Every structure is written in structure tokens, then in C-alpha cells.
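Listing of run_23.tsv, TSV, C-alpha atoms
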chain	number	residue	atom	x	y	z
A	11	MET	CA	-10.48	0.50	17.17
A	12	LEU	CA	-12.19	3.67	15.96
A	13	ASN	CA	-12.34	5.43	19.33
A	14	ASN	CA	-10.48	8.76	19.35
A	15	ILE	CA	-9.74	8.43	15.63
A	16	ASP	CA	-10.37	11.36	13.27
A	17	ALA	CA	-8.61	10.06	10.14
A	18	ILE	CA	-8.10	6.70	8.47
A	19	ILE	CA	-5.16	6.22	6.11
A	20	PHE	CA	-4.90	3.24	3.78
A	21	ASP	CA	-2.10	1.62	1.89
A	22	ILE	CA	-3.48	0.31	-1.42
A	23	ASP	CA	-1.71	-2.80	-2.71
A	24	GLY	CA	-2.48	-5.85	-0.58
A	25	THR	CA	-4.54	-3.67	1.77
A	26	LEU	CA	-7.48	-2.23	-0.16
A	27	ILE	CA	-7.04	-4.38	-3.27
A	28	ASP	CA	-5.77	-7.89	-4.03
A	29	SER	CA	-2.91	-6.84	-6.28
A	30	MET	CA	0.40	-8.08	-4.89
A	31	TRP	CA	0.38	-11.06	-7.27
A	32	ILE	CA	0.40	-8.68	-10.22
A	33	TRP	CA	3.85	-7.38	-9.44
A	34	THR	CA	5.28	-10.87	-9.07
A	35	ASP	CA	3.85	-11.70	-12.49
A	36	ILE	CA	5.15	-8.44	-13.97
A	37	ASP	CA	8.58	-9.12	-12.51
A	38	ASP	CA	8.60	-12.62	-14.01
A	39	ILE	CA	7.57	-11.32	-17.45
A	40	PHE	CA	10.05	-8.47	-17.28
A	41	LEU	CA	12.97	-10.66	-16.18
A	42	ALA	CA	12.22	-13.20	-18.91
A	43	LYS	CA	12.04	-10.43	-21.51
A	44	TYR	CA	15.59	-9.34	-20.70
A	45	ASN	CA	16.95	-12.83	-19.92
A	46	LEU	CA	17.60	-12.01	-16.25
A	47	LYS	CA	17.69	-14.47	-13.36
A	48	GLU	CA	16.04	-13.60	-10.05
A	49	PRO	CA	18.58	-13.69	-7.18
A	50	PRO	CA	17.78	-15.04	-3.68
A	51	ASN	CA	15.48	-12.86	-1.53
A	52	PHE	CA	14.79	-10.65	-4.53
A	53	HIS	CA	11.21	-9.69	-3.63
A	54	ALA	CA	12.02	-9.29	0.07
A	55	GLY	CA	14.53	-6.63	-0.93
A	56	MET	CA	11.76	-4.55	-2.49
A	57	GLU	CA	9.35	-4.49	0.44
A	58	GLY	CA	8.35	-0.98	1.43
A	59	LYS	CA	10.35	0.76	-1.27
A	60	SER	CA	8.82	3.59	-3.26
A	61	TYR	CA	8.28	3.12	-6.97
A	62	SER	CA	11.46	4.97	-7.88
A	63	GLU	CA	13.44	3.21	-5.14
A	64	THR	CA	12.26	-0.13	-6.56
A	65	ALA	CA	13.35	0.91	-10.04
A	66	GLN	CA	16.77	1.86	-8.71
A	67	TYR	CA	16.91	-1.48	-6.87
A	68	PHE	CA	16.38	-3.28	-10.19
A	69	LEU	CA	19.13	-1.25	-11.82
A	70	ASP	CA	21.50	-1.99	-8.93
A	71	VAL	CA	20.75	-5.74	-9.02
A	72	PHE	CA	20.78	-5.91	-12.83
A	73	PRO	CA	23.35	-3.35	-14.05
A	74	GLU	CA	23.11	-4.87	-17.53
A	75	LEU	CA	19.57	-3.47	-18.00
A	76	PRO	CA	19.44	-0.96	-20.88
A	77	HIS	CA	17.16	1.42	-18.97
A	78	THR	CA	17.26	4.68	-17.16
A	79	ARG	CA	15.24	4.68	-13.94
A	80	GLN	CA	12.51	6.73	-15.61
A	81	GLU	CA	12.32	4.34	-18.58
A	82	LEU	CA	11.98	1.39	-16.23
A	83	GLU	CA	9.16	3.05	-14.29
A	84	ALA	CA	7.35	3.90	-17.52
A	85	GLU	CA	7.59	0.32	-18.79
A	86	TRP	CA	6.15	-1.06	-15.55
A	87	ASN	CA	3.33	1.50	-15.59
A	88	GLU	CA	2.41	0.47	-19.11
A	89	MET	CA	2.42	-3.23	-18.14
A	90	ALA	CA	0.21	-2.65	-15.08
A	91	PHE	CA	-2.16	0.11	-16.21
A	92	GLU	CA	-4.81	-2.04	-17.90
A	93	ILE	CA	-5.08	-4.39	-14.92
A	94	TYR	CA	-5.23	-1.62	-12.31
A	95	THR	CA	-7.82	0.46	-14.11
A	96	LYS	CA	-10.13	-2.34	-15.26
A	97	GLU	CA	-9.69	-5.57	-13.33
A	98	ILE	CA	-8.53	-5.41	-9.70
A	99	PRO	CA	-11.38	-5.57	-7.16
A	100	LEU	CA	-11.51	-4.17	-3.65
A	101	LYS	CA	-11.00	-6.51	-0.73
A	102	LYS	CA	-14.07	-7.89	1.00
A	103	GLY	CA	-15.95	-5.23	2.96
A	104	ALA	CA	-13.64	-2.37	1.89
A	105	TYR	CA	-16.22	-0.40	-0.10
A	106	ASP	CA	-18.87	-0.41	2.64
A	107	PHE	CA	-16.31	0.46	5.31
A	108	ILE	CA	-14.92	3.41	3.34
A	109	VAL	CA	-18.38	4.82	2.59
A	110	LYS	CA	-19.45	4.40	6.23
A	111	MET	CA	-16.35	6.17	7.55
A	112	TYR	CA	-16.80	8.99	5.05
A	113	GLN	CA	-20.44	9.43	6.03
A	114	GLU	CA	-19.44	9.51	9.70
A	115	GLY	CA	-17.11	12.43	8.99
A	116	LYS	CA	-13.74	10.68	9.18
A	117	LYS	CA	-10.98	12.11	7.01
A	118	LEU	CA	-9.75	9.45	4.58
A	119	GLY	CA	-6.29	9.28	3.07
A	120	ILE	CA	-4.08	7.10	0.90
A	121	ALA	CA	-0.35	6.48	1.53
A	122	THR	CA	0.97	4.21	-1.22
A	123	SER	CA	4.29	3.02	-2.60
A	124	ASN	CA	2.66	2.77	-6.02
A	125	THR	CA	2.45	5.52	-8.64
A	126	ARG	CA	-0.28	8.15	-8.54
A	127	VAL	CA	-1.62	7.13	-11.95
A	128	LEU	CA	-2.10	3.49	-10.88
A	129	ALA	CA	-3.40	4.43	-7.42
A	130	GLU	CA	-6.00	6.88	-8.69
A	131	GLY	CA	-6.88	4.56	-11.58
A	132	THR	CA	-7.77	1.62	-9.38
A	133	LEU	CA	-9.62	3.79	-6.84
A	134	ALA	CA	-11.68	5.33	-9.63
A	135	ASN	CA	-12.39	1.93	-11.19
A	136	ASN	CA	-13.75	0.75	-7.84
A	137	GLN	CA	-15.86	3.91	-7.37
A	138	ILE	CA	-14.11	5.12	-4.21
A	139	LEU	CA	-11.73	7.85	-5.43
A	140	GLU	CA	-14.22	10.58	-4.50
A	141	TYR	CA	-14.19	9.57	-0.83
A	142	PHE	CA	-10.51	10.33	-0.21
A	143	HIS	CA	-9.45	13.72	1.08
A	144	SER	CA	-5.73	13.21	0.42
A	145	ILE	CA	-3.52	10.89	-1.62
A	146	TRP	CA	0.25	10.75	-1.31
A	147	THR	CA	2.80	8.41	-2.85
A	148	SER	CA	6.12	7.45	-1.29
A	149	ASP	CA	7.88	9.05	-4.26
A	150	GLU	CA	6.11	12.35	-3.58
A	151	ALA	CA	7.11	12.09	0.08
A	152	GLN	CA	10.67	11.29	-1.08
A	153	ALA	CA	11.01	8.26	1.19
A	154	GLY	CA	9.78	4.67	1.08
A	155	LYS	CA	8.40	2.70	3.99
A	156	PRO	CA	9.31	2.05	6.85
A	157	SER	CA	10.04	5.78	6.83
A	158	PRO	CA	6.98	7.55	8.28
A	159	ASP	CA	7.17	10.38	5.75
A	160	VAL	CA	4.28	9.39	3.46
A	161	TYR	CA	1.93	8.87	6.41
A	162	LEU	CA	2.95	12.14	8.02
A	163	ARG	CA	2.38	13.98	4.72
A	164	VAL	CA	-1.17	12.62	4.52
A	165	ALA	CA	-1.93	13.55	8.14
A	166	GLU	CA	-0.55	17.06	7.67
A	167	SER	CA	-2.49	17.59	4.45
A	168	ILE	CA	-5.82	16.73	6.10
A	169	GLY	CA	-5.05	18.56	9.33
A	170	VAL	CA	-5.16	15.60	11.70
A	171	LYS	CA	-2.57	14.86	14.39
A	172	PRO	CA	-0.76	11.50	13.92
A	173	GLU	CA	-2.07	10.12	17.21
A	174	ARG	CA	-5.63	10.61	15.91
A	175	CYS	CA	-4.94	8.56	12.76
A	176	LEU	CA	-5.57	4.86	12.13
A	177	VAL	CA	-3.52	3.12	9.42
A	178	PHE	CA	-4.35	-0.02	7.43
A	179	GLU	CA	-1.33	-1.92	6.06
A	180	ASP	CA	-0.52	-5.40	4.77
A	181	VAL	CA	3.29	-5.82	5.07
A	182	PRO	CA	5.71	-5.38	7.98
A	183	LYS	CA	7.57	-2.36	6.59
A	184	GLY	CA	4.28	-0.61	5.93
A	185	ILE	CA	3.11	-1.35	9.45
A	186	MET	CA	6.42	0.00	10.75
A	187	ALA	CA	5.93	3.19	8.71
A	188	GLY	CA	2.57	3.82	10.38
A	189	LYS	CA	3.95	3.10	13.83
A	190	ASN	CA	7.01	5.27	13.17
A	191	ALA	CA	4.56	8.07	12.32
A	192	GLY	CA	3.00	7.72	15.78
A	193	MET	CA	-0.24	6.24	14.47
A	194	LYS	CA	-2.33	3.20	15.39
A	195	VAL	CA	-2.00	0.44	12.79
A	196	CYS	CA	-4.30	-2.40	11.77
A	197	ALA	CA	-2.67	-5.23	9.84
A	198	VAL	CA	-4.67	-6.68	6.96
A	199	GLU	CA	-4.57	-10.34	5.93
A	200	ASP	CA	-3.13	-10.89	2.47
A	201	PRO	CA	-1.91	-14.08	0.75
A	202	PHE	CA	1.32	-12.42	-0.40
A	203	SER	CA	2.43	-11.57	3.16
A	204	LYS	CA	1.05	-14.71	4.81
A	205	PRO	CA	4.58	-15.99	5.60
A	206	GLN	CA	5.11	-12.77	7.58
A	207	GLU	CA	1.90	-13.02	9.61
A	208	LYS	CA	3.70	-13.56	12.93
A	209	LEU	CA	5.80	-10.43	12.45
A	210	LYS	CA	2.77	-8.43	11.30
A	211	ARG	CA	0.96	-9.37	14.51
A	212	GLU	CA	3.96	-8.39	16.62
A	213	LEU	CA	4.16	-4.95	15.00
A	214	ALA	CA	0.49	-3.96	14.64
A	215	ASP	CA	-2.19	-2.88	17.12
A	216	TYR	CA	-5.04	-4.76	15.42
A	217	TYR	CA	-5.49	-7.53	12.84
A	218	ILE	CA	-8.29	-8.20	10.36
A	219	GLN	CA	-9.01	-10.93	7.83
A	220	ASP	CA	-11.09	-8.45	5.82
A	221	PHE	CA	-12.93	-5.17	6.42
A	222	ASP	CA	-16.13	-6.93	7.42
A	223	ASP	CA	-14.29	-7.81	10.65
A	224	ILE	CA	-14.58	-4.16	11.69
A	225	THR	CA	-18.29	-3.92	10.87
A	226	ASN	CA	-18.94	-7.21	12.66
A	227	ASN	CA	-16.66	-6.32	15.59
A	228	THR	CA	-14.62	-9.49	15.02
A	229	TYR	CA	-11.24	-7.84	14.56
A	230	GLU	CA	-8.33	-8.84	16.81
A	231	VAL	CA	-6.74	-6.51	19.36
A	232	LEU	CA	-3.06	-7.40	19.59

Rewrite the structure of this file - the entire thing - as C-alpha cells.
Amino acid sequence: MLNNIDAIIFDIDGTLIDSMWIWTDIDDIFLAKYNLKEPPNFHAGMEGKSYSETAQYFLDVFPELPHTRQELEAEWNEMAFEIYTKEIPLKKGAYDFIVKMYQEGKKLGIATSNTRVLAEGTLANNQILEYFHSIWTSDEAQAGKPSPDVYLRVAESIGVKPERCLVFEDVPKGIMAGKNAGMKVCAVEDPFSKPQEKLKRELADYYIQDFDDITNNTYEVL
């Protein structure tokens, strides 16, 4: 998996940290607060979207919301900040893998659909922020996944060609973003995307249950 790879780029939510459940909970609390009913396939419609695209999606689905897009983003950030910066742990084996890759001279990057404040907050809380050479959000790249933009921005910023990059992602649209960028992609097991496991396997180059699979050479080549 790591042959001919100079850079490793990670998604955060569902990939490095077990956090996808948080947003379902936040959505439930938020919808109840404003007496809104979740329509069919509501969460599927958000997959891969940047933070601002998700906020606009909410405003499109619920035009009765008394928010601007910026107000909606700020309210979500406030709801999530405490959890991201104090509670969410890394996935099994992630810390050791990141440190090992850094020590071996790999360039490390983050390409997330989350906000910078939440991304950097959870990386700092888990003592790994210092190991990353570049962090980009989909909002900063001005395109959500499956657009390759955020991955290409990370690769450009660290001076590594896309074909020399390995991506870790947990959902199909994220995997597609990495592939659309011309990169190798390893799919990561996550309870939130378990119903999409078949599609994840069809799209990705590799599959892991956790990051110890790489250390133990038990990852799957697809």
C-alpha cells in the first residue's frame, strides 16, 4: 500500500475519528428545536458536501428556518465545539500510524468537509496536529466531495504529485473525490457507512477495519 507513496492525506470524520454519530445527534436536536421533520433520504443528501454546502442544503430543504447560512454554520459550530475539542478519540491504531509515517518522512495532509476550527481542535486534542504539513477544508477549496478539489489543494500545497498520494476515506463520495484526484484510496470501516460497505469496496483500492491493519499487514487489496 505504501510503495511509491510520498504523501498521505486523511479525511477526518469517520476516518481518523469516530464522530459521524455526533452530526446525526446534532441534526436531531436542531430539527426538534425548530419543530422540523426530517424528510426521506435526508442524511444521504448531505454526503460529501462541504460545511457551507450542507448549511445551504438545510436552508433549501427547510425554507422556514430563520437563519442565514452563516448563522446556521455558527450555531452548529457552537453545538459541536465542546465534543470535538474534548471528547472524540482517534480510531484504533491511528496515532501510531500517523507518528510512524511522519518519522519515515511522509508528507501528511488533511482534506475535510468539516470546519477548520473543529478539524484543528480535534487534531490538537488528540496530540496529532503538529504532524500535519497541510490542512484544507472543502469550503476553502470551494467544492465539496466527490469533487477532487480539496485533495488536489492539499497535494499542491505539500508539493507532491497526485499519483504519489494515498488517501484515507470513510464514505463513497469521499473515496470518489480521492480517485477523481488521481490518487490511491484506502476505505476505512465506520459504523455510519456500514450500509455502503459494498460500494466503498467497489470504489477503493484498499480496505481497512482500523489502522492497525496497515501495521500488521492485514489490510485488504481490492

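One finds atom CA of Pro201 of chain A at 23.3 Å from atom CA of Thr147 of chain A.
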
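The residue that comes closest to Asp21 of chain A, out of A:Tyr216, A:Trp86, A:Phe221, A:Trp146 and on the basis of all atoms listed in the file, is A:Trp146.
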
Answer as a ChimeraX atom specification, residues within 7 Å of (20.0, -8.2, -8.2) using only C-alpha atoms: /A:48-49,52,68,70-72

Point (-9.5, -3.3, -4.5), cut-off 7 Å, counting all atoms listed in the file, residues as number ranges by chain: A: 26-28, 98-101, 136

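Here the question is which of A:Ala197, A:Leu232, A:Ile15, A:Val181 gets nearest to Ser123 of chain A using all atoms listed in the file, and that residue is A:Val181.
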
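For the set A:Tyr44, A:Phe107, A:Trp33, A:Tyr61, the residue with the smallest atom-to-atom gap to Pro76 of chain A is A:Tyr44, counting only C-alpha atoms.
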
Spatial neighbours of segment 209-215 of chain A, max dist 10 Å, all atoms listed in the file, sep filter under 4 positions, as a list in words: Met11, Leu176, Val177, Phe178, Glu179, Asp180, Val181, Pro182, Lys183, Gly184, Ile185, Met186, Gly188, Lys189, Met193, Lys194, Val195, Cys196, Ala197, Val198, Glu199, Ser203, Lys204, Pro205, Glu230, Val231 and Leu232 of chain A

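Take atom CA of Tyr217 of chain A and atom CA of Gly24 of chain A: the distance between them is 13.9 Å.
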